[in-house]
Amino acid sequence: MASYILRRFIGALVVLFGISVITFIIAYAAPGDPARLIVGAKAPQTVVDAVRHNLGLDQPLPIQYIHYIGRLLHGDLGFSYHNNLPVAELIGQRIGNTVQLALASWIVEVILGLPLGIFGALYHRRTADYILSFLTLVGMSMPVFWFGMWLIQNVAYGLGILPLGGVGGISHLILPAITLGVTNMAFYQRLVKSSMVDVMSQDYIRTARANGVPAHRVVTRHALKNGLIPAVTYAGMDIAQLCGGVVLTETVFNYQGVGQLAWQSIENLDFPVIMATVLIAAVFVVVMNFIVDIVYSLIDPRISLS
Amino acid sequence: MSDALLEISDLRTSFKSESGYMNAVAGVSLSLRAGETVGLVGESGCGKSVTSLSIMQLLPKTAKVEGSIRFQGKDLLAMKEPDVRKFRGNEISMIFQEPMTALNPVLRIGDQIAEPLRMHKKLSKRELHDRVIELLKQVGIPRPEQIVKEYPHQLSGGMRQRVMIAMAMACEPKLLIADEPTTALDVTVQAQILDLLRELQARNNMALLLITHDLGVVAEMCERVIVMYAGKVVEEGDVRSVFRNPQHPYTSGLLNSIPKLIGERERLQPIRGNVPSLANMPPGCRFAPRCPHAKDICHTNHPSLLDVEAGHKVSCWMAEEVAAR
């Protein structure tokens with residue numbers, strides 16, 4: 001077990017190193033000069049050059065990267081050109097919001113997707129299943145910005161019961177979480193349905209029924225654990241993605257999260273922030289993959305971590 | 001036949017398909033007394049497994065089961081699902097061909113064996129655990145205290161089949177249906193499992209319906225044998241009587257396709273042709289197209305099941321002719 005964790009940790013470092021190289025190159029290959037952006041369009045070239053020199057932007061790319069990695073290893077994510085604040089502080093202000101929204105959305109996705117998936121499997125190829133499949137397809141196809149705005153207009157504004165946007169407490173989480181939950185739950189519904197259809201036709205389900213186990217217990221005790229394995233894989237990627245920031249939803253709801261920050265930074269060519277947000281998203285993916293592997297081994301005894 | 005434990009009469013099981021209903025079992029009648037061992041034999045697709053699943057009502061919803069299946073006088077087919085459930089795993093148990101897939105891969109052995117007990121008996125946690133250990137000992141599993149905590153993938157095929165048997169025996173059923181219990185196992189393990197079944201059966205005075213295509217197993221285990229062909233019973237009787245004096249050409253064909261080790265070696269005589277498909281059943285005797293003795297009447301009319309001697313019945317026009325003389 002210990003050696004497994006060590007191997008995974010080294011693997012994670014390699015992945016993160018690769019991602020830092022790629023984002024670094026992409027960020028610096030992008031058009032636009034951050035120094036010019038900082039000092040403004042009318043500043044004389046000498047000032048721009050001075051700023052470039054101060055930021056180290058006049059040095060060769062590999063040297064810049066080494067400086068960047070050196071600072072990163074000391075926990076220094078750099079300094080935002082645009083906000084005049086340390087990147088770590090900017091992210092720190094928002095990461096909590098994003099994680100809250102991610103968990104709230106994920107709970108909505110699972111609460112909707114899991115039971116509807118089981119339902120679809122039990123009514124496989126019957127009318128109820130066809131209707132449900134159609135509805136989940138509709139949910140899946142709705143653009144997040146459209147559904148989000150529709151909720152703002154009809155629920156937040158129309159009924160006047162929930163805030164229009166921004167952050168602060170559970171009431172601010174409800175609408176964005178529903179937006180993400182309804183549009184993403186279809187993936188869980190479909191995964192759980194197809195794997196449960198498969199599981200319900202297995203021999204061990206017949207064994208359970210031959211032992212006099214009633215239908216509801218056949219599903220919950222004998223089938224569900226087997227049927228959940230594909231959904232766990234997806235949940236890992238899904239949570240990682242949500243925690244990395246959901247750009248559209250956060251923008252629609254003016255929700256101060258990492259996704260909104262990423263979008264703003266791209267608009268402002270604020271490279272240190274862009275790189276930090278990408279790196280954080282990557283960290284979430286790596287961490288979630290690790291957690292998924294552990295959950296696998298808990299669900300399915302045939303999978304061992306060593 | 002008031003002493004019958006299980007009495008099936010005119011069982012017809014059909015499956016819905018695009019071209020209407022397909023008859024997998026077409027009017028099967030059979031009965032078992034308490035403590036009796038009966039072999040149900042036939043080729044793959046002859047309806048023997050469908051018959052057993054009809055008894056337990058474990059077929060998919062697309063299946064239509066008609067006729068009557070009386071267990072201790074009560075008609076299982078007339079019951080509602082929750083009432084049938086009280087019999088499953090309790091009065092009637094079943095073991096299956098594939099021990100590799102019949103156990104749930106994510107549940108512990110102990111929990112799986114305890115499941116029928118949880119369903120049908122009210123036992124405390126302690127009693128449950130003790131009973132499971134006792135069952136594992138009964139089926140000859142070493143280190144039962146450890147095995148209860150293990151998962152199916154940690155056991156061999158023979159051990160898993162023993163676990164299946166322990167599970168089936170949990171509530172001391174009056175009838176055990178064993179559907180090809182040894183087919184998937186090594187030959188040496190097969191003999192052990194058959195010995196175990198015989199021992200448990202004698203101890204609990206349990207009836208055993210042994211479904212198999214292996215006539216050797218029937219000869220070794222059973223008192224009576226029922227031969228099925230294409231959804232119908234073609235011959236039934238005491239094992240001795242049927243094996244020594246087979247009346248139906250299909251039964252003789254089956255017996256002739258067993259290699260002999262004693263006496264002069266002869267060429268095996270396989271039965272020509274294949275089992276007819278469900279969609280395309282011959283109108284008369286279903287074996288007629290493959291039968292070396294088929295006459296005109298065999299192709300048009302189905303023979304009834306007729307007594308040839310005490311307890312030995314056959315469904316064949318040749319036997320009817322002999323009887324008519």
# chains A, B, ... in the order shown; residues from 1 in each chain; ligands from 1
$ residues_around --residues "Arg12 of chain B" --least-positions-apart "2" --cutoff "12 Å" --atoms "only C-alpha atoms" --output "number ranges by chain"
B: 8-10, 14-15, 21-29, 47, 50-51, 54-55, 63-69, 77, 231-233
$ residues_around --residues "Ser52 of chain B" --least-positions-apart "4" --cutoff "8 Å" --atoms "only C-alpha atoms" --output "list in words"
Lys48, Met56, Ile177 and Asp179 of chain B
$ write_last_selection --atoms "N, CA and C atoms" --output "short mmCIF file (atom, residue, chain, number, x, y, z; two decimals), in the first residue's frame"
data_model
loop_
_atom_site.label_atom_id
_atom_site.label_comp_id
_atom_site.auth_asym_id
_atom_site.auth_seq_id
_atom_site.Cartn_x
_atom_site.Cartn_y
_atom_site.Cartn_z
N LYS B 48 -34.94 -28.45 -20.41
CA LYS B 48 -34.80 -28.93 -19.04
C LYS B 48 -34.50 -27.79 -18.06
N MET B 56 -39.19 -22.39 -10.18
CA MET B 56 -38.79 -21.31 -9.27
C MET B 56 -39.37 -19.96 -9.71
N ILE B 177 -33.10 -28.28 -6.58
CA ILE B 177 -32.99 -28.41 -8.02
C ILE B 177 -31.54 -28.09 -8.39
N ASP B 179 -29.09 -27.66 -11.40
CA ASP B 179 -29.04 -27.52 -12.85
C ASP B 179 -27.60 -27.66 -13.32
#
$ residues_around --residues "segment 284-289 of chain A" --least-positions-apart "5" --cutoff "7 Å" --atoms "only C-alpha atoms" --output "ChimeraX atom specification"
/A:12,236-237,240,243-244
$ write_last_selection --atoms "N, CA, C and O atoms" --output "PDB file, in the first residue's frame"
ATOM      1  N   ALA A  12       2.248  11.444 -10.188  1.00  0.00           N
ATOM      2  CA  ALA A  12       1.536  12.722 -10.162  1.00  0.00           C
ATOM      3  C   ALA A  12       2.501  13.882 -10.401  1.00  0.00           C
ATOM      4  O   ALA A  12       2.196  14.830 -11.136  1.00  0.00           O
ATOM      5  N   GLY A 236     -15.080  10.785 -10.586  1.00  0.00           N
ATOM      6  CA  GLY A 236     -13.738  11.314 -10.351  1.00  0.00           C
ATOM      7  C   GLY A 236     -13.422  12.449 -11.301  1.00  0.00           C
ATOM      8  O   GLY A 236     -13.022  13.546 -10.893  1.00  0.00           O
ATOM      9  N   MET A 237     -13.631  12.206 -12.592  1.00  0.00           N
ATOM     10  CA  MET A 237     -13.354  13.239 -13.592  1.00  0.00           C
ATOM     11  C   MET A 237     -14.267  14.435 -13.390  1.00  0.00           C
ATOM     12  O   MET A 237     -13.870  15.584 -13.528  1.00  0.00           O
ATOM     13  N   ALA A 240     -13.367  16.581 -10.351  1.00  0.00           N
ATOM     14  CA  ALA A 240     -12.141  17.309 -10.666  1.00  0.00           C
ATOM     15  C   ALA A 240     -12.447  18.493 -11.578  1.00  0.00           C
ATOM     16  O   ALA A 240     -11.961  19.608 -11.366  1.00  0.00           O
ATOM     17  N   CYS A 243     -14.284  21.210  -9.639  1.00  0.00           N
ATOM     18  CA  CYS A 243     -13.409  21.911  -8.704  1.00  0.00           C
ATOM     19  C   CYS A 243     -12.421  22.803  -9.444  1.00  0.00           C
ATOM     20  O   CYS A 243     -11.932  23.791  -8.900  1.00  0.00           O
ATOM     21  N   GLY A 244     -12.096  22.435 -10.677  1.00  0.00           N
ATOM     22  CA  GLY A 244     -11.194  23.261 -11.466  1.00  0.00           C
ATOM     23  C   GLY A 244     -11.846  24.568 -11.896  1.00  0.00           C
ATOM     24  O   GLY A 244     -11.184  25.437 -12.448  1.00  0.00           O
TER      25      GLY A 244
END
$ closest_atom_pairs --of "chain B" --to "chain A" --cutoff "8 Å" --atoms "only C-alpha atoms" --output "JSON lines"
{"residue": "B:Met56", "atom": "CA", "partner": "A:Ala210", "partner_atom": "CA", "distance": 7.0}
{"residue": "B:Leu58", "atom": "CA", "partner": "A:Arg206", "partner_atom": "CA", "distance": 7.1}
{"residue": "B:Pro82", "atom": "CA", "partner": "A:Pro214", "partner_atom": "CA", "distance": 7.7}
{"residue": "B:Arg85", "atom": "CA", "partner": "A:Gly212", "partner_atom": "CA", "distance": 4.6}
{"residue": "B:Lys86", "atom": "CA", "partner": "A:Gly212", "partner_atom": "CA", "distance": 6.3}
{"residue": "B:Phe87", "atom": "CA", "partner": "A:Gly212", "partner_atom": "CA", "distance": 7.2}
{"residue": "B:Arg88", "atom": "CA", "partner": "A:Gly212", "partner_atom": "CA", "distance": 4.7}
{"residue": "B:Gly89", "atom": "CA", "partner": "A:Asn211", "partner_atom": "CA", "distance": 3.9}
{"residue": "B:Asn90", "atom": "CA", "partner": "A:Asn211", "partner_atom": "CA", "distance": 7.3}
{"residue": "B:Ser93", "atom": "CA", "partner": "A:Ala210", "partner_atom": "CA", "distance": 6.9}
{"residue": "B:Met94", "atom": "CA", "partner": "A:Ala210", "partner_atom": "CA", "distance": 6.7}
{"residue": "B:Thr101", "atom": "CA", "partner": "A:Asp203", "partner_atom": "CA", "distance": 5.7}
{"residue": "B:Ala102", "atom": "CA", "partner": "A:Tyr204", "partner_atom": "CA", "distance": 4.3}
{"residue": "B:Leu103", "atom": "CA", "partner": "A:Tyr204", "partner_atom": "CA", "distance": 5.0}
{"residue": "B:Asn104", "atom": "CA", "partner": "A:Tyr204", "partner_atom": "CA", "distance": 5.1}
{"residue": "B:Pro105", "atom": "CA", "partner": "A:Asp300", "partner_atom": "CA", "distance": 7.5}
{"residue": "B:Val106", "atom": "CA", "partner": "A:Asp300", "partner_atom": "CA", "distance": 5.4}
{"residue": "B:Leu107", "atom": "CA", "partner": "A:His222", "partner_atom": "CA", "distance": 7.9}
{"residue": "B:Glu115", "atom": "CA", "partner": "A:Asn211", "partner_atom": "CA", "distance": 7.1}
{"residue": "B:Pro116", "atom": "CA", "partner": "A:Asn211", "partner_atom": "CA", "distance": 5.1}
{"residue": "B:Met119", "atom": "CA", "partner": "A:Val213", "partner_atom": "CA", "distance": 6.4}
{"residue": "B:His120", "atom": "CA", "partner": "A:Gly212", "partner_atom": "CA", "distance": 7.9}
{"residue": "B:Tyr151", "atom": "CA", "partner": "A:Pro301", "partner_atom": "CA", "distance": 7.1}
{"residue": "B:His153", "atom": "CA", "partner": "A:Arg302", "partner_atom": "CA", "distance": 6.8}
{"residue": "B:Ala168", "atom": "CA", "partner": "A:Asn211", "partner_atom": "CA", "distance": 7.7}
$ residues_around --residues "segment 139-147 of chain A" --least-positions-apart "2" --cutoff "10 Å" --atoms "only C-alpha atoms" --output "list in words"
Ser133, Phe134, Leu135, Thr136, Leu137, Met149, Trp150, Leu151, Ile152, Gln153, Leu175, Pro176, Ile178, Thr179, Leu180, Gly181, Val182, Thr183, Asn184, Met185, Ala186, Phe187, Leu248, Thr249, Glu250, Thr251, Val252 and Phe253 of chain A
$ closest_residue --among "B:Leu128, B:Val38, B:Met100, B:Leu5" --to "Asp75 of chain B" --atoms "only C-alpha atoms"
B:Leu5
$ select_by_dssp --residues "segment 96-180 of chain B" --states "strand (DSSP E or B)" --output "VMD selection string"
chain B and resid 175 to 179
$ atom_distance --atom1 "atom CA of Ile111 of chain A" --atom2 "atom CA of Gln189 of chain A"
10.1 Å
$ atom_distance --atom1 "atom CA of Glu172 of chain B" --atom2 "atom CA of Ser156 of chain B"
24.8 Å
$ residues_around --residues "Val192 of chain A" --least-positions-apart "2" --cutoff "7 Å" --atoms "only C-alpha atoms" --output "VMD selection string"
chain A and resid 114 117 to 118 188 to 190 194 to 196 227 to 228 231
$ atom_distance --atom1 "atom CA of Glu36 of chain B" --atom2 "atom CA of Leu197 of chain B"
12.5 Å
$ closest_residue --among "A:Ser304, A:Leu73, A:Ala29, A:Ala35" --to "Gly56 of chain A" --atoms "only C-alpha atoms"
A:Ala35
$ residues_around --residues "segment 290-302 of chain B" --least-positions-apart "3" --cutoff "9 Å" --atoms "only C-alpha atoms" --output "MDAnalysis selection string"
chainID B and resid 249:250 271:275 282:287 315:318
$ residues_around --residues "Glu91 of chain B" --least-positions-apart "6" --cutoff "9 Å" --atoms "only C-alpha atoms" --output "list in words"
Cys171, Glu172, Pro173, Lys174, Leu175 and Leu176 of chain B
$ write_last_selection --atoms "N, CA and C atoms" --output "PDB file, in the first residue's frame"
ATOM      1  N   CYS B 171     -31.595 -23.218   4.477  1.00  0.00           N
ATOM      2  CA  CYS B 171     -32.898 -23.317   5.143  1.00  0.00           C
ATOM      3  C   CYS B 171     -33.441 -24.744   5.135  1.00  0.00           C
ATOM      4  N   GLU B 172     -32.574 -25.712   4.873  1.00  0.00           N
ATOM      5  CA  GLU B 172     -32.964 -27.118   4.807  1.00  0.00           C
ATOM      6  C   GLU B 172     -34.186 -27.329   3.923  1.00  0.00           C
ATOM      7  N   PRO B 173     -34.008 -27.112   2.615  1.00  0.00           N
ATOM      8  CA  PRO B 173     -35.144 -27.216   1.701  1.00  0.00           C
ATOM      9  C   PRO B 173     -35.617 -28.652   1.550  1.00  0.00           C
ATOM     10  N   LYS B 174     -36.871 -28.803   1.134  1.00  0.00           N
ATOM     11  CA  LYS B 174     -37.409 -30.144   0.892  1.00  0.00           C
ATOM     12  C   LYS B 174     -37.096 -30.597  -0.516  1.00  0.00           C
ATOM     13  N   LEU B 175     -36.802 -29.606  -1.382  1.00  0.00           N
ATOM     14  CA  LEU B 175     -36.465 -29.943  -2.763  1.00  0.00           C
ATOM     15  C   LEU B 175     -35.262 -29.121  -3.195  1.00  0.00           C
ATOM     16  N   LEU B 176     -34.279 -29.814  -3.759  1.00  0.00           N
ATOM     17  CA  LEU B 176     -33.132 -29.107  -4.325  1.00  0.00           C
ATOM     18  C   LEU B 176     -33.122 -29.354  -5.830  1.00  0.00           C
TER      19      LEU B 176
END
$ decode --residues "segment 15-65 of chain A" --atoms "N, CA and C atoms" --output "PDB file, in the first residue's frame"
ATOM      1  N   VAL A  15       3.254  14.153 -14.055  1.00  0.00           N
ATOM      2  CA  VAL A  15       2.116  14.736 -14.785  1.00  0.00           C
ATOM      3  C   VAL A  15       2.087  16.249 -14.580  1.00  0.00           C
ATOM      4  N   LEU A  16       2.236  16.674 -13.323  1.00  0.00           N
ATOM      5  CA  LEU A  16       2.158  18.111 -13.032  1.00  0.00           C
ATOM      6  C   LEU A  16       3.315  18.870 -13.683  1.00  0.00           C
ATOM      7  N   PHE A  17       4.493  18.244 -13.708  1.00  0.00           N
ATOM      8  CA  PHE A  17       5.633  18.871 -14.373  1.00  0.00           C
ATOM      9  C   PHE A  17       5.314  19.088 -15.850  1.00  0.00           C
ATOM     10  N   GLY A  18       4.791  18.045 -16.481  1.00  0.00           N
ATOM     11  CA  GLY A  18       4.431  18.139 -17.901  1.00  0.00           C
ATOM     12  C   GLY A  18       3.430  19.252 -18.142  1.00  0.00           C
ATOM     13  N   ILE A  19       2.416  19.304 -17.273  1.00  0.00           N
ATOM     14  CA  ILE A  19       1.382  20.321 -17.468  1.00  0.00           C
ATOM     15  C   ILE A  19       1.954  21.725 -17.291  1.00  0.00           C
ATOM     16  N   SER A  20       2.867  21.873 -16.310  1.00  0.00           N
ATOM     17  CA  SER A  20       3.444  23.205 -16.098  1.00  0.00           C
ATOM     18  C   SER A  20       4.250  23.631 -17.320  1.00  0.00           C
ATOM     19  N   VAL A  21       4.970  22.700 -17.945  1.00  0.00           N
ATOM     20  CA  VAL A  21       5.739  23.034 -19.148  1.00  0.00           C
ATOM     21  C   VAL A  21       4.798  23.464 -20.269  1.00  0.00           C
ATOM     22  N   ILE A  22       3.745  22.660 -20.463  1.00  0.00           N
ATOM     23  CA  ILE A  22       2.840  22.948 -21.591  1.00  0.00           C
ATOM     24  C   ILE A  22       2.139  24.297 -21.401  1.00  0.00           C
ATOM     25  N   THR A  23       1.599  24.537 -20.197  1.00  0.00           N
ATOM     26  CA  THR A  23       0.893  25.809 -20.003  1.00  0.00           C
ATOM     27  C   THR A  23       1.864  26.982 -20.128  1.00  0.00           C
ATOM     28  N   PHE A  24       3.089  26.781 -19.650  1.00  0.00           N
ATOM     29  CA  PHE A  24       4.084  27.848 -19.723  1.00  0.00           C
ATOM     30  C   PHE A  24       4.356  28.233 -21.183  1.00  0.00           C
ATOM     31  N   ILE A  25       4.546  27.193 -22.007  1.00  0.00           N
ATOM     32  CA  ILE A  25       4.846  27.463 -23.414  1.00  0.00           C
ATOM     33  C   ILE A  25       3.654  28.106 -24.106  1.00  0.00           C
ATOM     34  N   ILE A  26       2.461  27.559 -23.862  1.00  0.00           N
ATOM     35  CA  ILE A  26       1.263  28.114 -24.516  1.00  0.00           C
ATOM     36  C   ILE A  26       1.061  29.565 -24.093  1.00  0.00           C
ATOM     37  N   ALA A  27       1.216  29.824 -22.789  1.00  0.00           N
ATOM     38  CA  ALA A  27       0.986  31.177 -22.287  1.00  0.00           C
ATOM     39  C   ALA A  27       1.930  32.171 -22.958  1.00  0.00           C
ATOM     40  N   TYR A  28       3.194  31.773 -23.141  1.00  0.00           N
ATOM     41  CA  TYR A  28       4.162  32.719 -23.690  1.00  0.00           C
ATOM     42  C   TYR A  28       4.124  32.774 -25.202  1.00  0.00           C
ATOM     43  N   ALA A  29       3.533  31.739 -25.814  1.00  0.00           N
ATOM     44  CA  ALA A  29       3.409  31.781 -27.265  1.00  0.00           C
ATOM     45  C   ALA A  29       2.201  32.611 -27.676  1.00  0.00           C
ATOM     46  N   ALA A  30       1.300  32.855 -26.708  1.00  0.00           N
ATOM     47  CA  ALA A  30       0.079  33.600 -27.039  1.00  0.00           C
ATOM     48  C   ALA A  30       0.428  35.027 -27.448  1.00  0.00           C
ATOM     49  N   PRO A  31      -0.349  35.586 -28.376  1.00  0.00           N
ATOM     50  CA  PRO A  31      -0.086  36.961 -28.803  1.00  0.00           C
ATOM     51  C   PRO A  31      -0.374  37.949 -27.674  1.00  0.00           C
ATOM     52  N   GLY A  32       0.258  39.115 -27.751  1.00  0.00           N
ATOM     53  CA  GLY A  32       0.043  40.135 -26.718  1.00  0.00           C
ATOM     54  C   GLY A  32       1.234  40.216 -25.796  1.00  0.00           C
ATOM     55  N   ASP A  33       1.574  41.412 -25.370  1.00  0.00           N
ATOM     56  CA  ASP A  33       2.727  41.626 -24.498  1.00  0.00           C
ATOM     57  C   ASP A  33       2.226  42.056 -23.129  1.00  0.00           C
ATOM     58  N   PRO A  34       2.431  41.232 -22.129  1.00  0.00           N
ATOM     59  CA  PRO A  34       1.930  41.584 -20.791  1.00  0.00           C
ATOM     60  C   PRO A  34       2.476  42.920 -20.292  1.00  0.00           C
ATOM     61  N   ALA A  35       3.743  43.225 -20.621  1.00  0.00           N
ATOM     62  CA  ALA A  35       4.338  44.474 -20.137  1.00  0.00           C
ATOM     63  C   ALA A  35       3.586  45.676 -20.716  1.00  0.00           C
ATOM     64  N   ARG A  36       3.294  45.585 -22.009  1.00  0.00           N
ATOM     65  CA  ARG A  36       2.534  46.650 -22.661  1.00  0.00           C
ATOM     66  C   ARG A  36       1.154  46.766 -22.018  1.00  0.00           C
ATOM     67  N   LEU A  37       0.595  45.623 -21.683  1.00  0.00           N
ATOM     68  CA  LEU A  37      -0.737  45.601 -21.084  1.00  0.00           C
ATOM     69  C   LEU A  37      -0.743  46.286 -19.723  1.00  0.00           C
ATOM     70  N   ILE A  38       0.338  46.083 -18.986  1.00  0.00           N
ATOM     71  CA  ILE A  38       0.409  46.643 -17.634  1.00  0.00           C
ATOM     72  C   ILE A  38       0.539  48.157 -17.674  1.00  0.00           C
ATOM     73  N   VAL A  39       1.440  48.638 -18.554  1.00  0.00           N
ATOM     74  CA  VAL A  39       1.718  50.075 -18.518  1.00  0.00           C
ATOM     75  C   VAL A  39       0.758  50.883 -19.383  1.00  0.00           C
ATOM     76  N   GLY A  40       0.010  50.216 -20.220  1.00  0.00           N
ATOM     77  CA  GLY A  40      -0.963  50.931 -21.050  1.00  0.00           C
ATOM     78  C   GLY A  40      -0.418  51.216 -22.435  1.00  0.00           C
ATOM     79  N   ALA A  41      -1.303  51.485 -23.381  1.00  0.00           N
ATOM     80  CA  ALA A  41      -0.946  51.616 -24.791  1.00  0.00           C
ATOM     81  C   ALA A  41      -0.105  52.851 -25.073  1.00  0.00           C
ATOM     82  N   LYS A  42      -0.229  53.900 -24.238  1.00  0.00           N
ATOM     83  CA  LYS A  42       0.423  55.169 -24.560  1.00  0.00           C
ATOM     84  C   LYS A  42       1.792  55.333 -23.914  1.00  0.00           C
ATOM     85  N   ALA A  43       2.188  54.409 -23.051  1.00  0.00           N
ATOM     86  CA  ALA A  43       3.471  54.534 -22.361  1.00  0.00           C
ATOM     87  C   ALA A  43       4.626  54.404 -23.358  1.00  0.00           C
ATOM     88  N   PRO A  44       5.717  55.154 -23.139  1.00  0.00           N
ATOM     89  CA  PRO A  44       6.856  55.061 -24.052  1.00  0.00           C
ATOM     90  C   PRO A  44       7.525  53.686 -23.966  1.00  0.00           C
ATOM     91  N   GLN A  45       8.208  53.315 -25.062  1.00  0.00           N
ATOM     92  CA  GLN A  45       8.821  51.998 -25.179  1.00  0.00           C
ATOM     93  C   GLN A  45       9.820  51.739 -24.059  1.00  0.00           C
ATOM     94  N   THR A  46      10.540  52.815 -23.619  1.00  0.00           N
ATOM     95  CA  THR A  46      11.545  52.620 -22.559  1.00  0.00           C
ATOM     96  C   THR A  46      10.895  52.084 -21.281  1.00  0.00           C
ATOM     97  N   VAL A  47       9.675  52.577 -20.987  1.00  0.00           N
ATOM     98  CA  VAL A  47       8.975  52.121 -19.785  1.00  0.00           C
ATOM     99  C   VAL A  47       8.581  50.645 -19.940  1.00  0.00           C
ATOM    100  N   VAL A  48       8.086  50.353 -21.125  1.00  0.00           N
ATOM    101  CA  VAL A  48       7.695  48.958 -21.393  1.00  0.00           C
ATOM    102  C   VAL A  48       8.900  48.039 -21.217  1.00  0.00           C
ATOM    103  N   ASP A  49      10.039  48.457 -21.779  1.00  0.00           N
ATOM    104  CA  ASP A  49      11.242  47.639 -21.663  1.00  0.00           C
ATOM    105  C   ASP A  49      11.654  47.452 -20.209  1.00  0.00           C
ATOM    106  N   ALA A  50      11.531  48.535 -19.431  1.00  0.00           N
ATOM    107  CA  ALA A  50      11.886  48.455 -18.013  1.00  0.00           C
ATOM    108  C   ALA A  50      10.994  47.453 -17.288  1.00  0.00           C
ATOM    109  N   VAL A  51       9.694  47.515 -17.588  1.00  0.00           N
ATOM    110  CA  VAL A  51       8.759  46.577 -16.948  1.00  0.00           C
ATOM    111  C   VAL A  51       9.085  45.143 -17.361  1.00  0.00           C
ATOM    112  N   ARG A  52       9.370  44.974 -18.667  1.00  0.00           N
ATOM    113  CA  ARG A  52       9.746  43.642 -19.162  1.00  0.00           C
ATOM    114  C   ARG A  52      10.949  43.101 -18.396  1.00  0.00           C
ATOM    115  N   HIS A  53      11.933  43.998 -18.189  1.00  0.00           N
ATOM    116  CA  HIS A  53      13.124  43.583 -17.492  1.00  0.00           C
ATOM    117  C   HIS A  53      12.815  43.204 -16.037  1.00  0.00           C
ATOM    118  N   ASN A  54      11.960  44.030 -15.403  1.00  0.00           N
ATOM    119  CA  ASN A  54      11.599  43.767 -14.010  1.00  0.00           C
ATOM    120  C   ASN A  54      10.895  42.413 -13.851  1.00  0.00           C
ATOM    121  N   LEU A  55      10.035  42.105 -14.813  1.00  0.00           N
ATOM    122  CA  LEU A  55       9.275  40.848 -14.733  1.00  0.00           C
ATOM    123  C   LEU A  55      10.104  39.652 -15.190  1.00  0.00           C
ATOM    124  N   GLY A  56      11.293  39.968 -15.746  1.00  0.00           N
ATOM    125  CA  GLY A  56      12.130  38.875 -16.245  1.00  0.00           C
ATOM    126  C   GLY A  56      11.683  38.388 -17.602  1.00  0.00           C
ATOM    127  N   LEU A  57      10.835  39.152 -18.279  1.00  0.00           N
ATOM    128  CA  LEU A  57      10.297  38.689 -19.555  1.00  0.00           C
ATOM    129  C   LEU A  57      11.295  38.839 -20.695  1.00  0.00           C
ATOM    130  N   ASP A  58      12.414  39.531 -20.439  1.00  0.00           N
ATOM    131  CA  ASP A  58      13.403  39.706 -21.503  1.00  0.00           C
ATOM    132  C   ASP A  58      14.413  38.563 -21.527  1.00  0.00           C
ATOM    133  N   GLN A  59      14.257  37.630 -20.605  1.00  0.00           N
ATOM    134  CA  GLN A  59      15.210  36.522 -20.564  1.00  0.00           C
ATOM    135  C   GLN A  59      14.745  35.371 -21.452  1.00  0.00           C
ATOM    136  N   PRO A  60      15.687  34.466 -21.821  1.00  0.00           N
ATOM    137  CA  PRO A  60      15.281  33.328 -22.669  1.00  0.00           C
ATOM    138  C   PRO A  60      14.221  32.470 -21.961  1.00  0.00           C
ATOM    139  N   LEU A  61      13.399  31.820 -22.768  1.00  0.00           N
ATOM    140  CA  LEU A  61      12.257  31.050 -22.245  1.00  0.00           C
ATOM    141  C   LEU A  61      12.651  30.009 -21.190  1.00  0.00           C
ATOM    142  N   PRO A  62      13.692  29.182 -21.450  1.00  0.00           N
ATOM    143  CA  PRO A  62      14.054  28.171 -20.435  1.00  0.00           C
ATOM    144  C   PRO A  62      14.415  28.801 -19.096  1.00  0.00           C
ATOM    145  N   ILE A  63      15.135  29.938 -19.138  1.00  0.00           N
ATOM    146  CA  ILE A  63      15.504  30.620 -17.889  1.00  0.00           C
ATOM    147  C   ILE A  63      14.240  31.089 -17.170  1.00  0.00           C
ATOM    148  N   GLN A  64      13.317  31.644 -17.936  1.00  0.00           N
ATOM    149  CA  GLN A  64      12.055  32.096 -17.335  1.00  0.00           C
ATOM    150  C   GLN A  64      11.335  30.944 -16.670  1.00  0.00           C
ATOM    151  N   TYR A  65      11.364  29.786 -17.376  1.00  0.00           N
ATOM    152  CA  TYR A  65      10.660  28.626 -16.822  1.00  0.00           C
ATOM    153  C   TYR A  65      11.312  28.175 -15.517  1.00  0.00           C
TER     154      TYR A  65
END
